[in-house]
$ cat my_file.cif   # mmCIF, C-alpha atoms
data_upload
loop_
_atom_site.label_atom_id
_atom_site.label_comp_id
_atom_site.auth_asym_id
_atom_site.auth_seq_id
_atom_site.Cartn_x
_atom_site.Cartn_y
_atom_site.Cartn_z
CA MET A 220 5.83 -173.66 -15.35
CA GLY A 221 2.97 -176.12 -15.76
CA ALA A 222 -0.37 -175.98 -13.95
CA ALA A 223 0.63 -178.80 -11.61
CA GLN A 224 3.87 -177.04 -10.68
CA ARG A 225 2.07 -173.75 -10.07
CA HIS A 226 -0.45 -175.54 -7.87
CA ALA A 227 2.33 -177.23 -5.88
CA THR A 228 4.19 -173.93 -5.47
CA THR A 229 1.04 -172.15 -4.28
CA ARG A 230 0.26 -174.96 -1.86
CA ASP A 231 3.81 -174.93 -0.47
CA LEU A 232 3.72 -171.15 -0.07
CA ARG A 233 0.41 -171.35 1.76
CA ARG A 234 1.70 -174.07 4.06
CA GLY A 235 4.88 -172.11 4.65
CA ASN A 236 2.93 -169.00 5.65
CA ARG A 237 0.75 -171.03 8.01
CA SER A 238 3.85 -172.57 9.55
CA VAL A 239 5.59 -169.23 10.08
CA LEU A 240 2.55 -167.79 11.83
CA LEU A 241 1.99 -170.87 13.98
CA TRP A 242 5.62 -170.97 15.15
CA SER A 243 5.35 -167.35 16.20
CA LEU A 244 2.02 -167.83 17.98
CA TYR A 245 3.16 -171.02 19.70
CA PHE A 246 6.29 -169.57 21.26
CA ASP A 247 5.39 -165.90 21.65
CA GLY A 248 1.59 -165.78 21.72
CA PRO A 249 -0.91 -164.50 22.34
CA LEU A 250 -0.25 -161.90 19.62
CA SER A 251 -2.33 -159.52 17.57
CA ARG A 252 -2.39 -159.68 13.79
CA GLN A 253 -0.34 -156.49 13.69
CA GLU A 254 2.30 -158.04 15.96
CA LEU A 255 2.34 -161.19 13.84
CA GLY A 256 3.03 -159.12 10.72
CA ALA A 257 5.87 -157.27 12.43
CA ARG A 258 7.46 -160.47 13.81
CA THR A 259 7.14 -162.60 10.67
CA GLY A 260 7.57 -160.03 7.90
CA LEU A 261 4.38 -161.23 6.21
CA SER A 262 2.04 -158.67 4.69
CA GLY A 263 -1.10 -157.58 6.52
CA ALA A 264 -3.26 -159.17 3.84
CA THR A 265 -1.45 -162.51 4.15
CA VAL A 266 -1.67 -162.48 7.93
CA SER A 267 -5.39 -161.69 7.75
CA THR A 268 -6.09 -164.46 5.21
CA VAL A 269 -4.05 -167.15 6.94
CA THR A 270 -5.25 -166.39 10.46
CA ALA A 271 -8.84 -166.49 9.17
CA GLU A 272 -8.18 -170.02 7.87
CA LEU A 273 -6.58 -171.12 11.13
CA LEU A 274 -9.44 -169.66 13.17
CA ALA A 275 -12.03 -171.38 11.00
CA GLU A 276 -10.24 -174.71 11.46
CA GLY A 277 -9.99 -174.25 15.23
CA VAL A 278 -6.19 -174.46 15.17
CA VAL A 279 -6.01 -170.87 16.47
CA VAL A 280 -8.44 -169.17 18.86
CA GLU A 281 -9.02 -165.63 20.06
CA ALA A 282 -7.46 -164.78 23.42
CA GLY A 283 -8.88 -161.43 24.43
CA ALA A 284 -8.02 -157.94 23.22
CA VAL A 285 -5.64 -155.09 23.95
CA ASP A 286 -6.16 -151.37 23.48
CA SER A 287 -4.56 -149.77 20.44
CA ASP A 288 -3.44 -146.17 19.99
CA GLY A 289 -6.61 -144.30 19.10
CA GLY A 290 -8.21 -147.18 17.23
CA ARG A 291 -10.27 -150.27 17.84
CA PRO A 292 -8.94 -152.83 20.34
CA ARG A 293 -6.62 -155.40 18.78
CA ILE A 294 -7.74 -159.02 19.01
CA LEU A 295 -5.13 -161.39 20.39
CA LEU A 296 -4.65 -164.87 18.93
CA ARG A 297 -3.07 -168.03 20.29
CA VAL A 298 -2.70 -171.68 19.31
CA ALA A 299 -5.67 -173.71 20.60
CA ALA A 300 -4.16 -175.70 23.46
CA ASP A 301 -7.08 -178.12 23.82
CA ARG A 302 -7.69 -178.87 20.14
CA HIS A 303 -5.02 -181.58 20.00
CA CYS A 304 -2.79 -183.49 22.37
CA VAL A 305 0.55 -185.31 22.19
CA ILE A 306 2.27 -188.15 24.04
CA GLY A 307 5.89 -188.39 25.19
CA VAL A 308 7.60 -191.64 26.17
CA ASP A 309 10.88 -191.85 28.11
CA VAL A 310 12.49 -195.28 27.94
CA GLY A 311 14.78 -194.73 30.91
CA GLU A 312 17.22 -196.79 32.91
CA THR A 313 14.75 -197.81 35.61
CA ARG A 314 11.29 -197.24 34.11
CA VAL A 315 9.24 -196.47 31.05
CA ARG A 316 7.43 -193.18 31.60
CA VAL A 317 4.49 -192.21 29.36
CA GLU A 318 2.95 -188.73 29.59
CA LEU A 319 0.07 -187.15 27.68
CA TYR A 320 -0.02 -183.35 27.19
CA ASP A 321 -2.22 -180.76 25.60
CA LEU A 322 -0.62 -178.43 23.04
CA ALA A 323 0.38 -175.96 25.76
CA MET A 324 2.38 -178.87 27.22
CA ASN A 325 0.20 -179.15 30.31
CA GLU A 326 0.31 -182.74 31.55
CA GLN A 327 -3.06 -184.48 31.35
CA ALA A 328 -2.12 -188.04 32.31
CA ARG A 329 0.93 -190.16 33.06
CA ALA A 330 1.90 -193.80 33.51
CA ASP A 331 5.08 -195.21 35.06
CA ARG A 332 6.07 -198.77 34.27
CA PRO A 333 9.15 -199.97 36.22
CA LEU A 334 11.83 -202.02 34.52
CA GLU A 335 13.62 -204.86 36.22
CA SER A 336 17.00 -203.60 37.42
CA GLY A 337 19.63 -203.94 34.72
CA ARG A 338 17.19 -205.53 32.25
CA HIS A 339 16.20 -203.84 29.01
CA ASP A 340 15.04 -206.78 26.91
CA VAL A 341 13.24 -205.39 23.89
CA GLY A 342 9.99 -207.33 24.34
CA PRO A 343 9.21 -206.13 27.89
CA VAL A 344 10.17 -202.55 27.00
CA VAL A 345 7.80 -202.55 24.01
CA GLU A 346 5.02 -204.05 26.12
CA ARG A 347 5.46 -201.36 28.79
CA ILE A 348 5.28 -198.61 26.16
CA LEU A 349 2.10 -200.09 24.69
CA ALA A 350 0.47 -200.54 28.08
CA GLY A 351 1.45 -197.00 29.07
CA LEU A 352 -0.13 -195.58 25.92
CA ASP A 353 -3.37 -197.42 26.64
CA GLU A 354 -3.34 -196.14 30.21
CA VAL A 355 -2.82 -192.44 29.49
CA ILE A 356 -5.28 -192.36 26.59
CA ALA A 357 -7.94 -193.92 28.81
CA ALA A 358 -7.11 -191.72 31.81
CA ALA A 359 -7.28 -188.50 29.79
CA ALA A 360 -10.43 -189.69 27.97
CA VAL A 361 -9.19 -188.30 24.66
CA ASP A 362 -10.22 -189.28 21.15
CA ARG A 363 -7.31 -190.87 19.29
CA ALA A 364 -8.16 -188.66 16.30
CA ASP A 365 -7.11 -185.66 18.40
CA ILE A 366 -3.67 -187.09 19.23
CA LEU A 367 -1.00 -185.66 16.92
CA GLY A 368 1.48 -188.41 17.61
CA VAL A 369 3.79 -190.17 20.04
CA GLY A 370 7.40 -189.20 20.66
CA VAL A 371 9.64 -191.95 22.05
CA ALA A 372 12.98 -191.13 23.70
CA VAL A 373 15.56 -193.92 23.94
CA SER A 374 19.18 -194.34 24.94
CA GLY A 375 21.67 -194.92 22.16
CA VAL A 376 21.90 -194.07 18.48
CA VAL A 377 18.70 -193.70 16.46
CA GLU A 378 19.29 -194.57 12.81
CA ARG A 379 16.64 -193.49 10.35
CA ALA A 380 15.62 -196.54 8.33
CA GLY A 381 13.28 -195.90 5.42
CA ALA A 382 10.91 -193.04 4.82
CA GLY A 383 7.92 -194.24 6.81
CA GLU A 384 6.92 -192.73 10.15
CA GLY A 385 8.40 -194.68 13.01
CA GLY A 386 11.01 -196.12 10.64
CA ALA A 387 14.03 -196.17 12.93
CA LEU A 388 16.64 -198.61 14.15
CA VAL A 389 17.95 -198.19 17.67
CA HIS A 390 21.56 -199.06 18.51
CA GLY A 391 21.84 -199.09 22.30
CA GLN A 392 25.15 -200.73 23.14
CA THR A 393 24.75 -200.49 26.90
CA PHE A 394 21.32 -202.17 26.62
CA ASP A 395 22.61 -204.73 24.13
CA TRP A 396 20.24 -203.31 21.51
CA HIS A 397 21.62 -203.78 18.01
CA ALA A 398 19.56 -202.37 15.11
CA VAL A 399 16.32 -202.82 17.06
CA PRO A 400 13.36 -201.88 14.76
CA LEU A 401 11.49 -200.16 17.57
CA GLY A 402 8.97 -198.40 15.34
CA ARG A 403 7.99 -201.64 13.61
CA LEU A 404 7.72 -203.50 16.92
CA LEU A 405 5.39 -200.84 18.28
CA ARG A 406 3.33 -200.93 15.08
CA GLU A 407 2.88 -204.67 15.44
CA GLY A 408 0.99 -204.04 18.68
CA THR A 409 -1.75 -202.12 16.86
CA ALA A 410 -4.19 -205.03 16.89
CA THR A 411 -4.23 -205.28 20.68
CA HIS A 412 -3.23 -201.70 21.53
CA PRO A 413 -5.14 -199.24 19.29
CA GLY A 414 -3.00 -196.27 20.37
CA THR A 415 -0.03 -197.60 18.45
CA ASP A 416 -1.46 -196.68 15.05
CA LEU A 417 -0.61 -193.08 15.91
CA PRO A 418 2.31 -191.31 14.18
CA LEU A 419 5.58 -192.30 15.86
CA HIS A 420 8.69 -190.14 16.30
CA ILE A 421 11.73 -191.90 17.79
CA GLU A 422 14.73 -189.93 19.06
CA ASN A 423 17.71 -190.11 21.41
CA GLY A 424 16.80 -189.13 24.97
CA ALA A 425 19.52 -186.50 25.33
CA THR A 426 18.18 -184.81 22.20
CA THR A 427 14.62 -184.77 23.50
CA LEU A 428 15.85 -183.34 26.82
CA GLY A 429 17.74 -180.76 24.82
CA GLN A 430 14.69 -179.82 22.77
CA ALA A 431 12.56 -179.39 25.89
CA GLU A 432 15.14 -177.10 27.48
CA MET A 433 15.70 -175.14 24.26
CA TRP A 434 11.96 -174.63 23.77
CA PHE A 435 10.81 -174.00 27.33
CA GLY A 436 13.73 -174.05 29.76
CA ALA A 437 17.30 -172.97 30.37
CA GLY A 438 18.25 -173.05 26.69
CA ARG A 439 15.79 -170.45 25.42
CA GLY A 440 17.52 -167.72 23.46
CA ALA A 441 20.84 -169.58 23.10
CA ASP A 442 22.00 -170.47 19.57
CA HIS A 443 25.02 -172.41 20.86
CA ALA A 444 24.44 -174.79 23.78
CA VAL A 445 25.15 -178.26 25.10
CA ILE A 446 22.50 -180.02 27.18
CA ALA A 447 24.01 -182.81 29.28
CA LEU A 448 21.87 -185.75 30.37
CA ILE A 449 23.15 -187.65 33.41
CA GLY A 450 21.22 -190.60 34.72
CA SER A 451 22.61 -194.07 35.11
CA GLY A 452 24.22 -193.34 31.75
CA VAL A 453 25.52 -190.09 30.29
CA GLY A 454 24.78 -188.31 27.01
CA ALA A 455 24.58 -184.83 25.52
CA ALA A 456 22.76 -182.82 22.88
CA VAL A 457 24.81 -180.27 20.96
CA VAL A 458 23.10 -177.18 19.53
CA ALA A 459 25.04 -175.15 16.95
CA ASN A 460 23.56 -172.10 15.23
CA GLY A 461 20.16 -172.99 16.67
CA SER A 462 20.07 -176.54 15.27
CA PHE A 463 20.89 -179.89 16.83
CA TYR A 464 24.10 -181.45 15.56
CA HIS A 465 23.61 -185.16 14.82
CA GLY A 466 26.78 -186.12 12.96
CA ALA A 467 27.17 -188.34 9.92
CA THR A 468 25.23 -191.29 11.35
CA SER A 469 23.24 -189.61 14.16
CA SER A 470 25.66 -190.71 16.89
CA ALA A 471 26.98 -187.26 17.83
CA GLY A 472 26.47 -186.45 21.50
CA GLU A 473 27.74 -189.72 22.99
CA TRP A 474 29.65 -187.61 25.51
CA GLY A 475 29.50 -190.32 28.14
CA HIS A 476 31.75 -192.52 26.01
CA THR A 477 34.54 -190.01 25.58
CA VAL A 478 37.63 -191.27 27.39
CA LEU A 479 38.40 -189.65 30.72
CA GLN A 480 41.22 -192.01 31.74
CA VAL A 481 43.05 -194.38 29.41
CA GLY A 482 42.82 -197.91 30.77
CA GLY A 483 40.49 -196.73 33.54
CA ARG A 484 37.27 -198.17 34.94
CA ARG A 485 35.26 -200.55 32.82
CA CYS A 486 32.22 -198.88 31.25
CA ARG A 487 28.89 -200.53 30.49
CA CYS A 488 29.70 -200.14 26.80
CA GLY A 489 32.66 -202.52 27.22
CA ALA A 490 35.44 -199.94 26.88
CA ARG A 491 37.60 -198.60 29.68
CA GLY A 492 37.92 -195.10 31.08
CA CYS A 493 34.66 -193.62 29.71
CA LEU A 494 33.29 -190.53 31.42
CA GLU A 495 30.07 -192.46 32.12
CA ALA A 496 31.97 -194.93 34.30
CA TYR A 497 32.90 -192.05 36.63
CA VAL A 498 29.94 -189.64 36.64
CA GLY A 499 26.93 -191.79 35.67
CA ALA A 500 24.84 -192.86 38.67
CA GLU A 501 25.84 -196.50 38.27
CA GLY A 502 29.54 -195.56 38.18
CA ILE A 503 29.28 -193.22 41.18
CA LEU A 504 27.52 -195.82 43.31
CA ASP A 505 29.98 -198.52 42.26
CA ARG A 506 32.93 -196.30 43.22
CA TYR A 507 31.27 -195.60 46.58
CA HIS A 508 30.68 -199.26 47.36
CA GLN A 509 34.25 -200.10 46.37
CA ALA A 510 35.55 -197.33 48.65
CA ARG A 511 33.54 -198.80 51.54
CA ARG A 512 34.36 -202.35 50.47
CA GLY A 513 30.69 -203.04 50.62
CA ARG A 514 27.88 -204.10 48.36
CA PRO A 515 24.71 -202.31 47.26
CA ALA A 516 21.71 -202.85 49.50
CA PRO A 517 19.47 -205.53 47.97
CA GLY A 518 16.50 -204.07 46.18
CA ALA A 519 17.75 -200.48 46.40
CA ASP A 520 17.08 -198.49 43.25
CA GLU A 521 19.73 -196.14 41.86
CA GLU A 522 17.74 -192.95 42.37
CA SER A 523 17.16 -193.64 46.06
CA ALA A 524 20.73 -194.86 46.54
CA LEU A 525 22.30 -191.76 44.96
CA ALA A 526 20.01 -189.45 46.91
CA ALA A 527 21.00 -191.24 50.13
CA LEU A 528 24.71 -190.98 49.27
CA ILE A 529 24.39 -187.23 48.72
CA ALA A 530 22.28 -186.72 51.84
CA GLY A 531 24.75 -188.71 53.95
CA ALA A 532 27.88 -186.95 52.74
CA GLU A 533 28.05 -184.64 55.79
CA GLY A 534 28.46 -187.61 58.09
CA SER A 535 30.46 -189.93 55.82
CA ALA A 536 34.02 -189.24 54.76
CA ALA A 537 33.76 -191.91 52.06
CA ALA A 538 30.61 -190.37 50.56
CA ARG A 539 32.10 -186.88 50.72
CA ARG A 540 35.28 -188.03 48.97
CA ILE A 541 33.30 -189.75 46.19
CA LEU A 542 31.23 -186.62 45.59
CA ASP A 543 34.33 -184.40 45.57
CA GLU A 544 35.95 -186.72 43.02
CA THR A 545 32.75 -186.74 40.96
CA ALA A 546 32.77 -182.93 40.80
CA VAL A 547 36.33 -183.04 39.44
CA TYR A 548 35.53 -185.76 36.91
CA LEU A 549 32.40 -183.97 35.76
CA GLY A 550 34.33 -180.70 35.57
CA ALA A 551 36.87 -182.38 33.29
CA GLY A 552 34.11 -183.69 31.03
CA ILE A 553 32.40 -180.30 30.84
CA ALA A 554 35.73 -178.58 30.17
CA ASN A 555 36.06 -180.81 27.12
CA LEU A 556 32.65 -179.60 25.92
CA VAL A 557 33.73 -175.98 26.43
CA ASN A 558 36.93 -176.49 24.47
CA LEU A 559 35.36 -178.53 21.67
CA PHE A 560 32.10 -176.70 21.04
CA ASN A 561 32.51 -173.20 22.50
CA PRO A 562 28.85 -173.04 23.65
CA ARG A 563 27.16 -170.08 25.29
CA ARG A 564 25.44 -172.37 27.77
CA ILE A 565 26.01 -175.82 29.19
CA ILE A 566 22.87 -177.15 30.84
CA LEU A 567 23.10 -180.03 33.28
CA GLY A 568 20.06 -182.28 33.47
CA GLY A 569 18.80 -185.81 33.92
CA TRP A 570 17.68 -187.11 37.30
CA ALA A 571 21.24 -187.77 38.51
CA GLY A 572 22.54 -184.54 36.99
CA LEU A 573 19.94 -182.56 38.92
CA LEU A 574 20.73 -184.37 42.19
CA LEU A 575 24.46 -183.80 41.74
CA GLY A 576 24.07 -180.24 40.52
CA ALA A 577 21.95 -179.20 43.49
CA ARG A 578 24.89 -179.98 45.79
CA LEU A 579 27.99 -179.75 43.61
CA LEU A 580 27.38 -177.01 41.03
CA PRO A 581 29.88 -174.52 42.57
CA GLN A 582 32.53 -177.27 42.76
CA ILE A 583 31.78 -178.38 39.21
CA ARG A 584 32.14 -174.82 37.92
CA ALA A 585 35.44 -174.45 39.76
CA ALA A 586 36.69 -177.72 38.25
CA VAL A 587 35.71 -176.58 34.76
CA ALA A 588 37.47 -173.24 35.28
CA GLY A 589 40.66 -175.05 36.22
CA GLN A 590 40.65 -177.29 33.12
CA ALA A 591 38.97 -175.39 30.27
CA LEU A 592 40.59 -172.76 28.09
CA ARG A 593 40.09 -169.41 29.81
CA HIS A 594 38.65 -167.42 26.91
CA PRO A 595 35.74 -169.77 25.98
CA TYR A 596 35.08 -170.65 29.63
CA GLU A 597 34.58 -167.00 30.58
CA ARG A 598 31.88 -166.76 27.92
CA THR A 599 30.07 -169.95 28.91
CA SER A 600 27.42 -170.25 31.63
CA ILE A 601 26.92 -173.61 33.37
CA GLU A 602 23.36 -174.04 34.59
CA LEU A 603 20.89 -176.66 35.77
CA CYS A 604 17.93 -177.78 33.68
CA ARG A 605 14.76 -175.94 34.66
CA LEU A 606 12.19 -178.53 33.65
CA GLY A 607 13.00 -181.24 36.18
CA PRO A 608 13.50 -184.99 35.81
CA ASP A 609 10.46 -185.38 33.51
CA ALA A 610 12.04 -183.24 30.80
CA VAL A 611 13.01 -186.22 28.60
CA ALA A 612 9.36 -187.28 28.22
CA LEU A 613 8.29 -183.66 27.75
CA GLY A 614 10.89 -183.26 25.01
CA ALA A 615 9.72 -186.47 23.35
CA ALA A 616 6.20 -185.02 23.26
CA THR A 617 7.51 -181.94 21.42
CA LEU A 618 8.46 -184.11 18.43
CA PRO A 619 4.88 -184.41 17.08
CA VAL A 620 4.30 -180.74 18.01
CA GLU A 621 7.33 -179.78 15.92
CA ARG A 622 5.95 -181.60 12.91
CA PHE A 623 2.49 -180.06 13.42
CA LEU A 624 3.97 -176.56 13.39
CA ALA A 625 6.26 -177.34 10.45
CA VAL A 626 3.38 -178.46 8.22
CA GLY A 627 1.22 -175.48 9.09
CA GLY A 628 -1.18 -177.10 11.51
CA THR A 629 -2.54 -179.77 9.20
CA VAL A 630 -3.09 -183.24 10.58
#

$ encode --input "my_file.cif" --output "structure tokens"
Amino acid sequence: MGAAQRHATTRDLRRGNRSVLLWSLYFDGPLSRQELGARTGLSGATVSTVTAELLAEGVVVEAGAVDSDGGRPRILLRVAADRHCVIGVDVGETRVRVELYDLAMNEQARADRPLESGRHDVGPVVERILAGLDEVIAAAAVDRADILGVGVAVSGVVERAGAGEGGALVHGQTFDWHAVPLGRLLREGTATHPGTDLPLHIENGATTLGQAEMWFGAGRGADHAVIALIGSGVGAAVVANGSFYHGATSSAGEWGHTVLQVGGRRCRCGARGCLEAYVGAEGILDRYHQARRGRPAPGADEESALAALIAGAEGSAAARRILDETAVYLGAGIANLVNLFNPRRIILGGWAGLLLGARLLPQIRAAVAGQALRHPYERTSIELCRLGPDAVALGAATLPVERFLAVGGTV
């Protein structure tokens, strides 16, 4: 082995040790050096050397002390929450939401930029992201040098294009986005929006929701899970053996476009009978208006309209019938997930998923029980997301955190 190879191997080993310790401190801290050694399997000398480096760099800080058995108190360590910050962007159905967090994922600033109903033209979406970045950076009064990066969650398939950061093409059929170079378009705003020269991480929104719930919410401790995102549209993130399953071209998880009824309702994607056409907010509201032979109230947004439908179900036979049907449809879709993936947990999230789940979860579980194979169903729990409707943006913000931990806390 040559000198250059030895140097590279030593550098990689050092970075790997830093990463192992940071992952442990981030998710389980504060911890003592002795606890870090026991959890990671690293030697006491290695733990001492690496934590000294991280302390000197300010990546890790002391967090008090605990008594030890007959010896000196043990110093606790944790990742420095205020040393860096991250930004998460949720390009949703009705708005672009931008949120800035510290490393403990405490929200420091947010910006909401509404989208015109049914319109997701690329230019206005990009402009709203850029304006939102400017707004949260100014509101939090942070130095851009302390921002680890920006995670952007979008609907549709995210195709990695090239090796550069932010190099991604977005295929969003329901938005009429075809190979949209979102990273490049955001980069082009650097001259007028300085925040866009930050590292970019672009991912599907169901996956970012899934990562948030797996890190901090209902998915913690589960190696096999499906996190379902229900808004106006429908998607899912599949976790197998602790890792997200993306498929051959990153389009795995398009659960909303599995066929529920051959030749059924027209979906936004252009096909017929998709699950999304029955359990997505747009599909539910459309079915309700058809049942009443009415039209949506002018100017009513989907979130308010679905909440009103659910609230009015006690006094409206039509609303009650639509919700009962939705529970059955959703139960059928979840039963397919149970039979296909055999997860330990299925976690229902997204703003519409949380609204529906708060009222219909017992009915949904009963519908799944009647349609899934008994053996896997009995070993699957069906739960609601714990992080609320902002979890997509929170999950997007974990993307730069994930890279920071993976490279051992170097920027």

$ resolve_selection --input "my_file.cif" --expression "the PyMOL selection byres ((chain A and resi 423-438) around 6)" --output "ChimeraX atom specification"
/A:372-374,422,439,441,446,448,454-456,604-605,610-611,614-615

$ atom_distance --input "my_file.cif" --atom1 "CA of Glu281 (chain A)" --atom2 "CA of Val361 (chain A)"
23.1 Å

$ resolve_selection --input "my_file.cif" --expression "the PyMOL selection byres ((chain A and resi 401) around 8)" --output "PyMOL selection string"
chain A and resi 345+385+387-389+399-400+402-405

$ write_last_selection --input "my_file.cif" --atoms "C-alpha atoms" --output "CSV table (one decimal), keeping the file's coordinate frame"
chain,number,residue,atom,x,y,z
A,345,VAL,CA,7.8,-202.6,24.0
A,385,GLY,CA,8.4,-194.7,13.0
A,387,ALA,CA,14.0,-196.2,12.9
A,388,LEU,CA,16.6,-198.6,14.2
A,389,VAL,CA,18.0,-198.2,17.7
A,399,VAL,CA,16.3,-202.8,17.1
A,400,PRO,CA,13.4,-201.9,14.8
A,402,GLY,CA,9.0,-198.4,15.3
A,403,ARG,CA,8.0,-201.6,13.6
A,404,LEU,CA,7.7,-203.5,16.9
A,405,LEU,CA,5.4,-200.8,18.3

$ resolve_selection --input "my_file.cif" --expression "the PyMOL selection byres ((chain A and resi 240-242) around 10)" --output "mmCIF file with C-alpha atoms, in the coordinates of the input"
data_model
loop_
_atom_site.group_PDB
_atom_site.id
_atom_site.type_symbol
_atom_site.label_atom_id
_atom_site.label_comp_id
_atom_site.auth_asym_id
_atom_site.auth_seq_id
_atom_site.Cartn_x
_atom_site.Cartn_y
_atom_site.Cartn_z
ATOM 1 C CA GLY A 235 4.880 -172.110 4.650
ATOM 2 C CA ASN A 236 2.930 -169.000 5.650
ATOM 3 C CA ARG A 237 0.750 -171.030 8.010
ATOM 4 C CA SER A 238 3.850 -172.570 9.550
ATOM 5 C CA VAL A 239 5.590 -169.230 10.080
ATOM 6 C CA SER A 243 5.350 -167.350 16.200
ATOM 7 C CA LEU A 244 2.020 -167.830 17.980
ATOM 8 C CA TYR A 245 3.160 -171.020 19.700
ATOM 9 C CA PHE A 246 6.290 -169.570 21.260
ATOM 10 C CA ASP A 247 5.390 -165.900 21.650
ATOM 11 C CA GLY A 248 1.590 -165.780 21.720
ATOM 12 C CA ARG A 252 -2.390 -159.680 13.790
ATOM 13 C CA LEU A 255 2.340 -161.190 13.840
ATOM 14 C CA GLY A 256 3.030 -159.120 10.720
ATOM 15 C CA ARG A 258 7.460 -160.470 13.810
ATOM 16 C CA THR A 259 7.140 -162.600 10.670
ATOM 17 C CA LEU A 261 4.380 -161.230 6.210
ATOM 18 C CA VAL A 266 -1.670 -162.480 7.930
ATOM 19 C CA VAL A 269 -4.050 -167.150 6.940
ATOM 20 C CA THR A 270 -5.250 -166.390 10.460
ATOM 21 C CA LEU A 273 -6.580 -171.120 11.130
ATOM 22 C CA VAL A 278 -6.190 -174.460 15.170
ATOM 23 C CA VAL A 279 -6.010 -170.870 16.470
ATOM 24 C CA ARG A 297 -3.070 -168.030 20.290
ATOM 25 C CA VAL A 298 -2.700 -171.680 19.310
ATOM 26 C CA GLU A 621 7.330 -179.780 15.920
ATOM 27 C CA PHE A 623 2.490 -180.060 13.420
ATOM 28 C CA LEU A 624 3.970 -176.560 13.390
ATOM 29 C CA ALA A 625 6.260 -177.340 10.450
ATOM 30 C CA VAL A 626 3.380 -178.460 8.220
ATOM 31 C CA GLY A 627 1.220 -175.480 9.090
ATOM 32 C CA GLY A 628 -1.180 -177.100 11.510
#

$ residues_around --input "my_file.cif" --residues "Arg329 (chain A)" --least-positions-apart "6" --cutoff "7 Å" --atoms "all atoms listed in the file" --output "list of chain:residue names"
A:Val317, A:Glu318, A:Leu319, A:Val355

$ write_last_selection --input "my_file.cif" --atoms "C-alpha atoms" --output "PDB file, keeping the file's coordinate frame"
ATOM      1  CA  VAL A 317       4.490-192.210  29.360  1.00  0.00           C
ATOM      2  CA  GLU A 318       2.950-188.730  29.590  1.00  0.00           C
ATOM      3  CA  LEU A 319       0.070-187.150  27.680  1.00  0.00           C
ATOM      4  CA  VAL A 355      -2.820-192.440  29.490  1.00  0.00           C
TER       5      VAL A 355
END

$ atom_distance --input "my_file.cif" --atom1 "CA of Val344 (chain A)" --atom2 "CA of Ile306 (chain A)"
16.7 Å

$ residues_around --input "my_file.cif" --residues "Gly452 (chain A)" --least-positions-apart "3" --cutoff "12 Å" --atoms "only C-alpha atoms" --output "ChimeraX atom specification"
/A:311-313,337,373-375,391-394,424-425,447-449,455,473-476,486-488,493-503,521,568-572

$ closest_residue --input "my_file.cif" --among "A:Val458, A:Ala300, A:Val620, A:Val308" --to "Asn325 (chain A)" --atoms "all atoms listed in the file"
A:Ala300
